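Asker: Here it is: the structure, laid out below.
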Amino acid sequence: MSEKKPPSNNANEGFSAAEQAAMQERAKELKAEARANKKKADGENDLLEKIAEMPEPERAMAQRIHEIVTAAAPGLWPKTWYGMPAYANEDGKVVCFFQSAAKI
């Protein structure tokens with residue numbers, strides 16, 4: 001019979017450092033939304049900050065996508081989602097997001 005491992009005390013043992021960082025980023029976003037019940041302008045500022053942090057080829061693409069989405073679907077709310085630029089409907093559900101190639 002094989003021996004069973006004792007349960008680990010480290011709850012994050014199964015997650016990579018990138019996954020842990022994404023979860024922490026998402027928790028921070030949820031707290032900010034709950035605290036301030038974010039306005040559309042605040043969400044757009046957060047989104048533009050995330051775009052500015054991207055490396056150049058992706059930054060230009062993300063800026064253009066932002067222009068297209070805001071022109072084609074003005075009812076969507078810009079926000080960040082797991083640290084990525086995203087757009088949500090009026091219910092707060094993310095309908096599209098832009099993931100940097102560095103996060104893959």
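In the structure tokens, each chain is lettered A, B, ... as it comes, each chain's residues begin at 1, and ligands are numbered from 1 in order of appearance.
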Identify, on the basis of only C-alpha atoms, every residue whose closest approach to Glu90 (chain A) does not exceed 10 Å; exclude the query and any residue fewer than 4 positions from it along the same chain; express the result as a list in words.
Answerer: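 Neighbouring residues, sequence-local ones excluded: Gly75, Leu76, Trp77 and Val94 of chain A.
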Asker: Write down as JSON, numbers by chain the residues belonging to chain A that are assigned alpha helix (DSSP H) by DSSP computed on the backbone.
Answerer: {"A": [17, 18, 19, 20, 21, 22, 23, 24, 25, 26, 27, 28, 29, 30, 31, 32, 33, 34, 35, 36, 40, 41, 42, 43, 44, 45, 46, 47, 48, 49, 50, 51, 52, 53, 56, 57, 58, 59, 60, 61, 62, 63, 64, 65, 66, 67, 68, 69, 70, 71, 72]}
Asker: Could you pull out the strand (DSSP E or B) residues of region 33-84 of chain A from DSSP and send them as a list in words?
Answerer: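 Taking region 33-84 of chain A and keeping strand (DSSP E or B) only, one gets Trp77, Pro78, Lys79, Thr80, Trp81 and Met84 of chain A.
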Asker: Please produce a file of those selected residues containing C-alpha atoms, as an mmCIF file, in the first residue's frame.
Answerer:
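Saved as result36.cif:
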data_model
loop_
_atom_site.group_PDB
_atom_site.id
_atom_site.type_symbol
_atom_site.label_atom_id
_atom_site.label_comp_id
_atom_site.auth_asym_id
_atom_site.auth_seq_id
_atom_site.Cartn_x
_atom_site.Cartn_y
_atom_site.Cartn_z
ATOM 1 C CA TRP A 77 -18.061 50.073 -18.492
ATOM 2 C CA PRO A 78 -14.247 50.119 -18.685
ATOM 3 C CA LYS A 79 -12.593 48.415 -15.716
ATOM 4 C CA THR A 80 -9.766 46.093 -14.805
ATOM 5 C CA TRP A 81 -10.286 42.360 -14.403
ATOM 6 C CA MET A 84 -6.152 43.292 -17.314
#
Asker: Give me, please, the distance in Å between CA of Glu29 (chain A) and CA of Tyr82 (chain A), quoted to one decimal.
Answerer: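 We find that CA of Glu29 (chain A) and CA of Tyr82 (chain A) lie 7.8 Å from each other.
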Asker: Quick one: everything within 10 Å of Ala102 (chain A), counting only C-alpha atoms, minus sequence neighbours fewer than 6 positions away in the same chain. Send it as a compact mmCIF listing (two decimals) with C-alpha atoms, in the first residue's frame.
Answerer:
# COMPACT_ATOMS: atom_id res chain seq x y z
CA MET A 54 2.06 47.31 -21.10
CA PRO A 55 5.13 46.94 -23.36
CA GLU A 58 0.76 45.65 -26.97
Asker: Between CA of Phe98 (chain A) and CA of Gln20 (chain A), measure the distance and give it in Å to one decimal.
Answerer: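 These atoms are spaced 19.4 Å apart.
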Asker: My list of candidates is A:Ala22, A:Ala101, A:Val95, A:Ala27. Which is closest to Ala73 (chain A) when distances are computed with only C-alpha atoms?
Answerer: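 That would be A:Val95, the residue with the smallest distance to Ala73 (chain A).
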Asker: For CA of Phe15 (chain A) and CA of Ala52 (chain A), quote the distance in Å rounded to one decimal.
Answerer: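 It comes out at 27.5 Å.
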